[in-house]
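Remarks on the structure that follows.
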Amino acid sequence: MGAVVADDGPSGVKAPDGGWGWAVLFGCFIITGFSYAFPKAVSVFFKELIREFGIGYSDTAWISSILLAMLYGTGPLCSVCVNRFGCRPVMLVGGLFASMGMVIASFCTSIVQIYLTAGVITGLGLALNFQPSLIMLNRYFDKRRPLANGLSAAGSPVFLCALSPLGQILQHEYGWRGGFLILGGMLLNCCVCGALMRPLEPPKKSEATKEPAEKKVKKKLLDFSVFKDSGFVVYTLAASIMVLGLFVPPVFVVSYAKDLGYQDTKAAFLLTILGFIDIFARPICGMVAGLKWVRPRCVYLFSFAMIFNGFTDLMGSMSIDYGGLVVFCIFFGISYGMVGALQFEVLMAIVGTQKFSSAIGLVLLAEAMAVLIGPPSAGKLLDATGRYMFVFIIAGIEVTTSALVLALGNFFCIKKKTEEPHTKEEAAEREELNKSEDKTREDAKVDSIEVEQFLKDEPEKNGEVVTNPETCV
């Protein structure tokens with residue numbers, strides 16, 4: 001699948017770790033918020049959909065599952081599109097798709113039509129925004145990357161806090177159809193975020209160095225060589241197991257509270273609590289992950305976060321009243337925030353900048369099937385037993401298992417690597433950067449020597465050195 005990359009990270013360019021990168025981070029924050037919070041926020045409409053279409057919990061859970069499956073399963077397609085057309089055009093088209101899907105869904109007359117519109121079309125649009133935004137964030141940040149990942153991941157809980165009560169208000173005032181229509185209009189903001197993703201410009205090179213640089217530009221649209229990296233294989237396996245249960249509790253916690261007899265607004269407030277805690281957990285975890293001692297061991301911090309999340313699910317299965325659900329949401333928000341802040345930081349650290357665009361697409365594809373069957377299978381279990389306890393227990397076991405796979409696989413199967421470039425391309429880029437830095441230092445030294453010599457040779461008049469604007473410092 002070889003072809004020329006249109007918007008690949010240019011060689012010889014250091015990540016600015018700031019500047020326009022903060023605008024890119026802001027766009028990534030909004031995109032992450034819509035991508036992850038939207039499938040959960042849509043769950044506030046489930047009761048209304050069940051009443052109108054006469055369906056069960058598992059049928060409505062398919063909406064969130066299809067949204068997440070499209071977000072994950074179209075990973076390779078997004079990688080190919082980004083490598084072919086660039087991040088900005090792909091995100092602009094994705095924003096239009098995301099909005100169009102929800103607008104059309106507001107006119108649907110069957111649950112299958114909602115699957116195709118709110119699920120497939122909107123999910124594809126969010127995917128075409130989410131993955132390119134992460135790629136751009138990886139290009140703009142290096143030293144501050146853990147913090148940048150934590151801050152961008154905080155978009156998910158911030159939007160969850162806003163979209164969950166907003167969805168409840170929209171449903172009460174305009175019904176689920178009016179709510180879908182308004183949410184579709186809001187998703188057009190993804191196009192604005194896409195416009196912020198300005199590609200990094202390569203440094204100007206002399207004519208002598210242009211030809212070799214042009215020959216090095218060719219690269220595969222989808223690089224399958226990442227599967228040769230044992231670290232990537234272990235990560236992909238662990239992440240696939242994790243997502244089986246990771247998204248189940250947020251999807252069902254509102255329905256759980258409603259079945260216990262609490263009002264709809266009070267039940268929806270649980271997601272607000274979860275999101276509020278998550279807001280602070282993600283950036284704090286990003287700062288901790290960026291510490292000098294912690295950053296080389298991020299994979300173990302990620303494993304701890306997953307174990308914490310799985311244990312929280314197991315404890316949440318014993319909740320029997322609203323107070324118990326509030327405590328569950330607090331601890332779930334902390335652990336869920338840690339997982340969200342670390343999952344892509346760990347992947348970036350494993351595969352490096354050059355292969356990240358292909359790696360994330362393949363990881364998301366591997367996770368897609370798990371995401372697709374997770375919430376619906378939990379809904380089937382709930383329909384069969386009528387008890388939420390079993391749903392939370394299964395989710396906790398799955399997430400805990402993934403943590404053990406990642407930690408043990410990393411400890412026993414992955415050889416410790418010295419801090420070297422992941423690819424020959426990265427090695428060449430770093431060598432080129434070092435040469436250019438040395439050259440600029442030498443040029444600066446030559447310029448300073450010439451200025452000093454010029455000042456010495458300048459004739460003196462009346463005992464004073466003649467000065468002019470060109471020689472004044």
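Numbering starts fresh at 1 for the residues of each chain in the structure tokens, the chains themselves are lettered A, B, ... in the order given, and ligands are numbered from 1 as they appear.
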Identify, on the basis of only C-alpha atoms, every residue whose closest approach to stretch 68-76 of chain A does not exceed 6 Å; exclude the query and any residue fewer than 2 positions from it along the same chain; express the result as a compact mmCIF listing (two decimals) with N, CA and C atoms, in the first residue's frame.
```txt
# COMPACT_ATOMS: atom_id res chain seq x y z
N SER A 65 -22.82 1.24 21.34
CA SER A 65 -21.82 0.28 20.87
C SER A 65 -21.40 0.56 19.43
N ILE A 66 -22.38 0.86 18.58
CA ILE A 66 -22.05 1.15 17.18
C ILE A 66 -21.23 2.43 17.08
N CYS A 78 -8.96 5.64 8.80
CA CYS A 78 -8.53 6.99 9.19
C CYS A 78 -7.03 7.17 8.97
N SER A 79 -6.24 6.14 9.28
CA SER A 79 -4.80 6.23 9.07
C SER A 79 -4.47 6.44 7.60
N GLY A 123 -20.74 8.03 14.06
CA GLY A 123 -19.54 7.36 14.55
C GLY A 123 -18.37 7.50 13.60
N LEU A 124 -18.63 7.39 12.29
CA LEU A 124 -17.58 7.58 11.30
C LEU A 124 -17.05 9.01 11.33
N ALA A 127 -14.83 9.46 14.30
CA ALA A 127 -13.56 8.76 14.09
C ALA A 127 -12.62 9.56 13.20
N GLY A 361 -4.29 3.33 14.35
CA GLY A 361 -5.36 2.80 13.51
C GLY A 361 -5.53 1.30 13.71
N LEU A 362 -4.41 0.58 13.78
CA LEU A 362 -4.48 -0.88 13.95
C LEU A 362 -4.94 -1.26 15.35
N LEU A 364 -6.98 0.56 17.29
CA LEU A 364 -8.41 0.84 17.35
C LEU A 364 -9.22 -0.22 16.61
N LEU A 365 -8.68 -0.75 15.51
CA LEU A 365 -9.37 -1.82 14.79
C LEU A 365 -9.46 -3.08 15.65
N ALA A 368 -12.13 -2.73 18.18
CA ALA A 368 -13.48 -2.46 17.69
C ALA A 368 -14.45 -3.59 18.00
N VAL A 371 -15.40 -3.55 21.61
CA VAL A 371 -16.32 -2.45 21.92
C VAL A 371 -17.72 -2.76 21.41
N LEU A 372 -17.79 -3.42 20.26
CA LEU A 372 -19.09 -3.70 19.65
C LEU A 372 -19.90 -4.69 20.47
```
Near-stretch 349-353 of chain A list (10 Å; only C-alpha atoms; drop same-chain fewer than 5 positions) as a PDB file with all heavy atoms, in the first residue's frame:
```pdb
ATOM      1  N   GLY A   9       4.631  13.967   9.431  1.00  0.00           N
ATOM      2  CA  GLY A   9       5.474  14.873  10.182  1.00  0.00           C
ATOM      3  C   GLY A   9       6.747  15.142   9.412  1.00  0.00           C
ATOM      4  O   GLY A   9       7.485  14.220   9.094  1.00  0.00           O
ATOM      5  N   ILE A 135      -2.897  12.433  16.320  1.00  0.00           N
ATOM      6  CA  ILE A 135      -1.670  12.443  15.517  1.00  0.00           C
ATOM      7  C   ILE A 135      -1.037  13.832  15.534  1.00  0.00           C
ATOM      8  O   ILE A 135       0.175  13.980  15.705  1.00  0.00           O
ATOM      9  CB  ILE A 135      -1.976  11.987  14.072  1.00  0.00           C
ATOM     10  CG1 ILE A 135      -2.393  10.508  14.061  1.00  0.00           C
ATOM     11  CG2 ILE A 135      -0.762  12.197  13.171  1.00  0.00           C
ATOM     12  CD1 ILE A 135      -2.935  10.024  12.730  1.00  0.00           C
ATOM     13  N   ASN A 138       0.589  14.542  18.857  1.00  0.00           N
ATOM     14  CA  ASN A 138       1.867  13.833  18.963  1.00  0.00           C
ATOM     15  C   ASN A 138       2.977  14.565  18.215  1.00  0.00           C
ATOM     16  O   ASN A 138       4.143  14.516  18.607  1.00  0.00           O
ATOM     17  CB  ASN A 138       1.700  12.410  18.419  1.00  0.00           C
ATOM     18  CG  ASN A 138       2.930  11.560  18.635  1.00  0.00           C
ATOM     19  OD1 ASN A 138       3.572  11.629  19.675  1.00  0.00           O
ATOM     20  ND2 ASN A 138       3.278  10.762  17.645  1.00  0.00           N
ATOM     21  N   ARG A 139       2.626  15.256  17.123  1.00  0.00           N
ATOM     22  CA  ARG A 139       3.636  15.981  16.347  1.00  0.00           C
ATOM     23  C   ARG A 139       4.035  17.299  17.010  1.00  0.00           C
ATOM     24  O   ARG A 139       5.166  17.746  16.870  1.00  0.00           O
ATOM     25  CB  ARG A 139       3.098  16.264  14.936  1.00  0.00           C
ATOM     26  CG  ARG A 139       2.964  15.007  14.090  1.00  0.00           C
ATOM     27  CD  ARG A 139       2.352  15.325  12.738  1.00  0.00           C
ATOM     28  NE  ARG A 139       2.100  14.104  11.972  1.00  0.00           N
ATOM     29  CZ  ARG A 139       1.414  14.062  10.853  1.00  0.00           C
ATOM     30  NH1 ARG A 139       0.902  15.167  10.359  1.00  0.00           N
ATOM     31  NH2 ARG A 139       1.233  12.919  10.215  1.00  0.00           N
ATOM     32  N   ASP A 142       6.465  16.907  22.571  1.00  0.00           N
ATOM     33  CA  ASP A 142       7.413  15.831  22.848  1.00  0.00           C
ATOM     34  C   ASP A 142       7.720  15.782  24.344  1.00  0.00           C
ATOM     35  O   ASP A 142       7.280  14.885  25.051  1.00  0.00           O
ATOM     36  CB  ASP A 142       8.691  16.033  22.041  1.00  0.00           C
ATOM     37  CG  ASP A 142       9.699  14.913  22.271  1.00  0.00           C
ATOM     38  OD1 ASP A 142       9.262  13.804  22.651  1.00  0.00           O
ATOM     39  OD2 ASP A 142      10.905  15.129  22.084  1.00  0.00           O
ATOM     40  N   ARG A 145       4.557  16.017  26.278  1.00  0.00           N
ATOM     41  CA  ARG A 145       3.511  15.162  25.719  1.00  0.00           C
ATOM     42  C   ARG A 145       2.621  14.496  26.771  1.00  0.00           C
ATOM     43  O   ARG A 145       1.395  14.463  26.590  1.00  0.00           O
ATOM     44  CB  ARG A 145       4.134  14.107  24.801  1.00  0.00           C
ATOM     45  CG  ARG A 145       3.110  13.414  23.901  1.00  0.00           C
ATOM     46  CD  ARG A 145       3.790  12.391  23.027  1.00  0.00           C
ATOM     47  NE  ARG A 145       4.334  11.311  23.831  1.00  0.00           N
ATOM     48  CZ  ARG A 145       5.365  10.546  23.467  1.00  0.00           C
ATOM     49  NH1 ARG A 145       5.961  10.766  22.308  1.00  0.00           N
ATOM     50  NH2 ARG A 145       5.799   9.579  24.250  1.00  0.00           N
ATOM     51  N   PRO A 146       3.155  13.952  27.879  1.00  0.00           N
ATOM     52  CA  PRO A 146       2.250  13.372  28.881  1.00  0.00           C
ATOM     53  C   PRO A 146       1.236  14.383  29.419  1.00  0.00           C
ATOM     54  O   PRO A 146       0.057  14.061  29.584  1.00  0.00           O
ATOM     55  CB  PRO A 146       3.204  12.895  29.978  1.00  0.00           C
ATOM     56  CG  PRO A 146       4.499  12.657  29.283  1.00  0.00           C
ATOM     57  CD  PRO A 146       4.575  13.711  28.229  1.00  0.00           C
ATOM     58  N   VAL A 226       4.614  -2.636  12.574  1.00  0.00           N
ATOM     59  CA  VAL A 226       4.494  -2.420  14.026  1.00  0.00           C
ATOM     60  C   VAL A 226       4.212  -3.731  14.757  1.00  0.00           C
ATOM     61  O   VAL A 226       4.497  -3.854  15.955  1.00  0.00           O
ATOM     62  CB  VAL A 226       3.392  -1.392  14.352  1.00  0.00           C
ATOM     63  CG1 VAL A 226       3.801  -0.001  13.923  1.00  0.00           C
ATOM     64  CG2 VAL A 226       2.069  -1.781  13.701  1.00  0.00           C
ATOM     65  N   ASP A 229       6.942  -5.468  16.690  1.00  0.00           N
ATOM     66  CA  ASP A 229       7.296  -4.948  18.010  1.00  0.00           C
ATOM     67  C   ASP A 229       6.477  -5.700  19.060  1.00  0.00           C
ATOM     68  O   ASP A 229       5.251  -5.614  19.098  1.00  0.00           O
ATOM     69  CB  ASP A 229       6.990  -3.445  18.063  1.00  0.00           C
ATOM     70  CG  ASP A 229       7.501  -2.784  19.335  1.00  0.00           C
ATOM     71  OD1 ASP A 229       7.735  -3.503  20.326  1.00  0.00           O
ATOM     72  OD2 ASP A 229       7.669  -1.552  19.339  1.00  0.00           O
ATOM     73  N   SER A 230       7.142  -6.462  19.924  1.00  0.00           N
ATOM     74  CA  SER A 230       6.432  -7.249  20.942  1.00  0.00           C
ATOM     75  C   SER A 230       5.662  -6.352  21.900  1.00  0.00           C
ATOM     76  O   SER A 230       4.592  -6.730  22.401  1.00  0.00           O
ATOM     77  CB  SER A 230       7.420  -8.125  21.725  1.00  0.00           C
ATOM     78  OG  SER A 230       8.451  -7.329  22.282  1.00  0.00           O
ATOM     79  N   GLY A 231       6.185  -5.164  22.158  1.00  0.00           N
ATOM     80  CA  GLY A 231       5.487  -4.231  23.034  1.00  0.00           C
ATOM     81  C   GLY A 231       4.147  -3.812  22.452  1.00  0.00           C
ATOM     82  O   GLY A 231       3.139  -3.715  23.161  1.00  0.00           O
ATOM     83  N   PHE A 232       4.102  -3.585  21.148  1.00  0.00           N
ATOM     84  CA  PHE A 232       2.860  -3.210  20.486  1.00  0.00           C
ATOM     85  C   PHE A 232       1.852  -4.361  20.525  1.00  0.00           C
ATOM     86  O   PHE A 232       0.653  -4.133  20.746  1.00  0.00           O
ATOM     87  CB  PHE A 232       3.149  -2.803  19.039  1.00  0.00           C
ATOM     88  CG  PHE A 232       1.922  -2.548  18.220  1.00  0.00           C
ATOM     89  CD1 PHE A 232       1.222  -1.359  18.346  1.00  0.00           C
ATOM     90  CD2 PHE A 232       1.456  -3.503  17.321  1.00  0.00           C
ATOM     91  CE1 PHE A 232       0.080  -1.122  17.597  1.00  0.00           C
ATOM     92  CE2 PHE A 232       0.322  -3.270  16.570  1.00  0.00           C
ATOM     93  CZ  PHE A 232      -0.366  -2.075  16.701  1.00  0.00           C
ATOM     94  N   TYR A 235       0.441  -4.647  24.065  1.00  0.00           N
ATOM     95  CA  TYR A 235      -0.456  -3.511  24.317  1.00  0.00           C
ATOM     96  C   TYR A 235      -1.797  -3.713  23.612  1.00  0.00           C
ATOM     97  O   TYR A 235      -2.866  -3.476  24.191  1.00  0.00           O
ATOM     98  CB  TYR A 235       0.198  -2.213  23.829  1.00  0.00           C
ATOM     99  CG  TYR A 235      -0.693  -0.991  23.972  1.00  0.00           C
ATOM    100  CD1 TYR A 235      -0.655  -0.218  25.127  1.00  0.00           C
ATOM    101  CD2 TYR A 235      -1.580  -0.626  22.960  1.00  0.00           C
ATOM    102  CE1 TYR A 235      -1.477   0.892  25.266  1.00  0.00           C
ATOM    103  CE2 TYR A 235      -2.406   0.473  23.091  1.00  0.00           C
ATOM    104  CZ  TYR A 235      -2.351   1.232  24.243  1.00  0.00           C
ATOM    105  OH  TYR A 235      -3.167   2.321  24.376  1.00  0.00           O
ATOM    106  N   ARG A 295       8.027   8.547  33.889  1.00  0.00           N
ATOM    107  CA  ARG A 295       7.779   8.441  32.449  1.00  0.00           C
ATOM    108  C   ARG A 295       8.329   7.159  31.822  1.00  0.00           C
ATOM    109  O   ARG A 295       7.642   6.533  31.011  1.00  0.00           O
ATOM    110  CB  ARG A 295       8.352   9.666  31.734  1.00  0.00           C
ATOM    111  CG  ARG A 295       7.869   9.752  30.286  1.00  0.00           C
ATOM    112  CD  ARG A 295       8.194  11.071  29.638  1.00  0.00           C
ATOM    113  NE  ARG A 295       7.643  11.154  28.302  1.00  0.00           N
ATOM    114  CZ  ARG A 295       7.824  12.170  27.477  1.00  0.00           C
ATOM    115  NH1 ARG A 295       8.541  13.207  27.859  1.00  0.00           N
ATOM    116  NH2 ARG A 295       7.281  12.159  26.276  1.00  0.00           N
ATOM    117  N   PRO A 296       9.536   6.684  32.173  1.00  0.00           N
ATOM    118  CA  PRO A 296      10.000   5.416  31.591  1.00  0.00           C
ATOM    119  C   PRO A 296       9.199   4.209  32.056  1.00  0.00           C
ATOM    120  O   PRO A 296       9.288   3.136  31.461  1.00  0.00           O
ATOM    121  CB  PRO A 296      11.461   5.322  32.065  1.00  0.00           C
ATOM    122  CG  PRO A 296      11.836   6.702  32.485  1.00  0.00           C
ATOM    123  CD  PRO A 296      10.583   7.318  32.989  1.00  0.00           C
ATOM    124  N   CYS A 298       5.751   4.257  32.543  1.00  0.00           N
ATOM    125  CA  CYS A 298       4.335   4.598  32.334  1.00  0.00           C
ATOM    126  C   CYS A 298       3.460   3.364  32.142  1.00  0.00           C
ATOM    127  O   CYS A 298       2.284   3.365  32.508  1.00  0.00           O
ATOM    128  CB  CYS A 298       4.198   5.512  31.116  1.00  0.00           C
ATOM    129  SG  CYS A 298       4.012   7.242  31.565  1.00  0.00           S
ATOM    130  N   VAL A 299       4.015   2.322  31.550  1.00  0.00           N
ATOM    131  CA  VAL A 299       3.221   1.127  31.272  1.00  0.00           C
ATOM    132  C   VAL A 299       2.733   0.487  32.569  1.00  0.00           C
ATOM    133  O   VAL A 299       1.606  -0.025  32.635  1.00  0.00           O
ATOM    134  CB  VAL A 299       4.042   0.119  30.427  1.00  0.00           C
ATOM    135  CG1 VAL A 299       5.251  -0.400  31.183  1.00  0.00           C
ATOM    136  CG2 VAL A 299       3.167  -1.039  29.973  1.00  0.00           C
ATOM    137  N   PHE A 344      -3.049   6.462  25.356  1.00  0.00           N
ATOM    138  CA  PHE A 344      -2.362   6.829  24.119  1.00  0.00           C
ATOM    139  C   PHE A 344      -0.937   7.308  24.372  1.00  0.00           C
ATOM    140  O   PHE A 344      -0.086   7.200  23.495  1.00  0.00           O
ATOM    141  CB  PHE A 344      -3.168   7.888  23.368  1.00  0.00           C
ATOM    142  CG  PHE A 344      -4.507   7.390  22.912  1.00  0.00           C
ATOM    143  CD1 PHE A 344      -5.674   7.920  23.438  1.00  0.00           C
ATOM    144  CD2 PHE A 344      -4.608   6.356  21.992  1.00  0.00           C
ATOM    145  CE1 PHE A 344      -6.915   7.454  23.029  1.00  0.00           C
ATOM    146  CE2 PHE A 344      -5.833   5.874  21.585  1.00  0.00           C
ATOM    147  CZ  PHE A 344      -6.996   6.428  22.105  1.00  0.00           C
ATOM    148  N   SER A 358      -0.050   4.840  11.968  1.00  0.00           N
ATOM    149  CA  SER A 358      -0.473   3.488  11.586  1.00  0.00           C
ATOM    150  C   SER A 358      -0.819   2.649  12.813  1.00  0.00           C
ATOM    151  O   SER A 358      -1.795   1.886  12.802  1.00  0.00           O
ATOM    152  CB  SER A 358       0.639   2.789  10.793  1.00  0.00           C
ATOM    153  OG  SER A 358       0.868   3.438   9.564  1.00  0.00           O
ATOM    154  N   ALA A 359      -0.020   2.803  13.879  1.00  0.00           N
ATOM    155  CA  ALA A 359      -0.223   1.992  15.083  1.00  0.00           C
ATOM    156  C   ALA A 359      -1.574   2.252  15.727  1.00  0.00           C
ATOM    157  O   ALA A 359      -2.283   1.318  16.112  1.00  0.00           O
ATOM    158  CB  ALA A 359       0.900   2.257  16.082  1.00  0.00           C
ATOM    159  N   ILE A 360      -1.950   3.527  15.832  1.00  0.00           N
ATOM    160  CA  ILE A 360      -3.226   3.824  16.492  1.00  0.00           C
ATOM    161  C   ILE A 360      -4.401   3.297  15.674  1.00  0.00           C
ATOM    162  O   ILE A 360      -5.400   2.819  16.229  1.00  0.00           O
ATOM    163  CB  ILE A 360      -3.358   5.340  16.750  1.00  0.00           C
ATOM    164  CG1 ILE A 360      -4.604   5.598  17.606  1.00  0.00           C
ATOM    165  CG2 ILE A 360      -3.422   6.134  15.463  1.00  0.00           C
ATOM    166  CD1 ILE A 360      -4.748   7.030  18.044  1.00  0.00           C
ATOM    167  N   PRO A 421      16.228   5.753  18.851  1.00  0.00           N
ATOM    168  CA  PRO A 421      15.128   6.024  17.925  1.00  0.00           C
ATOM    169  C   PRO A 421      14.453   4.721  17.521  1.00  0.00           C
ATOM    170  O   PRO A 421      15.105   3.693  17.366  1.00  0.00           O
ATOM    171  CB  PRO A 421      15.803   6.702  16.731  1.00  0.00           C
ATOM    172  CG  PRO A 421      17.085   7.244  17.273  1.00  0.00           C
ATOM    173  CD  PRO A 421      17.509   6.305  18.356  1.00  0.00           C
ATOM    174  N   HIS A 422      13.123   4.760  17.347  1.00  0.00           N
ATOM    175  CA  HIS A 422      12.365   3.560  16.996  1.00  0.00           C
ATOM    176  C   HIS A 422      12.613   3.118  15.570  1.00  0.00           C
ATOM    177  O   HIS A 422      12.481   1.949  15.252  1.00  0.00           O
ATOM    178  CB  HIS A 422      10.862   3.832  17.192  1.00  0.00           C
ATOM    179  CG  HIS A 422      10.479   3.958  18.639  1.00  0.00           C
ATOM    180  ND1 HIS A 422      10.104   2.897  19.415  1.00  0.00           N
ATOM    181  CD2 HIS A 422      10.442   5.048  19.452  1.00  0.00           C
ATOM    182  CE1 HIS A 422       9.828   3.302  20.637  1.00  0.00           C
ATOM    183  NE2 HIS A 422      10.021   4.609  20.678  1.00  0.00           N
ATOM    184  N   THR A 423      12.937   4.015  14.691  1.00  0.00           N
ATOM    185  CA  THR A 423      13.102   3.668  13.279  1.00  0.00           C
ATOM    186  C   THR A 423      14.332   4.338  12.713  1.00  0.00           C
ATOM    187  O   THR A 423      14.907   5.250  13.298  1.00  0.00           O
ATOM    188  CB  THR A 423      11.876   4.124  12.476  1.00  0.00           C
ATOM    189  OG1 THR A 423      11.792   5.550  12.575  1.00  0.00           O
ATOM    190  CG2 THR A 423      10.585   3.505  12.986  1.00  0.00           C
ATOM    191  N   GLU A 426      13.698   8.019  12.150  1.00  0.00           N
ATOM    192  CA  GLU A 426      13.879   8.887  13.309  1.00  0.00           C
ATOM    193  C   GLU A 426      15.354   9.131  13.571  1.00  0.00           C
ATOM    194  O   GLU A 426      15.773  10.233  13.934  1.00  0.00           O
ATOM    195  CB  GLU A 426      13.224   8.264  14.549  1.00  0.00           C
ATOM    196  CG  GLU A 426      11.713   8.344  14.533  1.00  0.00           C
ATOM    197  CD  GLU A 426      11.124   7.913  15.856  1.00  0.00           C
ATOM    198  OE1 GLU A 426      11.873   7.874  16.856  1.00  0.00           O
ATOM    199  OE2 GLU A 426       9.920   7.627  15.897  1.00  0.00           O
TER     200      GLU A 426
END
```
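In terms of minimum interatomic distance to A:Pro199, A:Val24 ranks closest within A:Leu382, A:Ile284, A:Val24, A:Val254, counting only C-alpha atoms.
Counting from atom CA of A:Val326, the distance to atom CA of A:Met338 is 18.7 Å.
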Quick one: residues within 8 Å of A:Phe130, only C-alpha atoms counted, chain neighbours fewer than 5 positions away excluded, as a short mmCIF file (atom, residue, chain, number, x, y, z; two decimals) with C-alpha atoms, in the first residue's frame?
```cif
data_model
loop_
_atom_site.label_atom_id
_atom_site.label_comp_id
_atom_site.auth_asym_id
_atom_site.auth_seq_id
_atom_site.Cartn_x
_atom_site.Cartn_y
_atom_site.Cartn_z
CA CYS A 28 -7.93 18.02 20.47
CA ILE A 31 -12.69 16.51 19.69
CA THR A 32 -11.85 14.08 22.51
CA SER A 35 -15.74 11.40 20.73
CA LEU A 71 -14.74 5.21 16.46
#
```
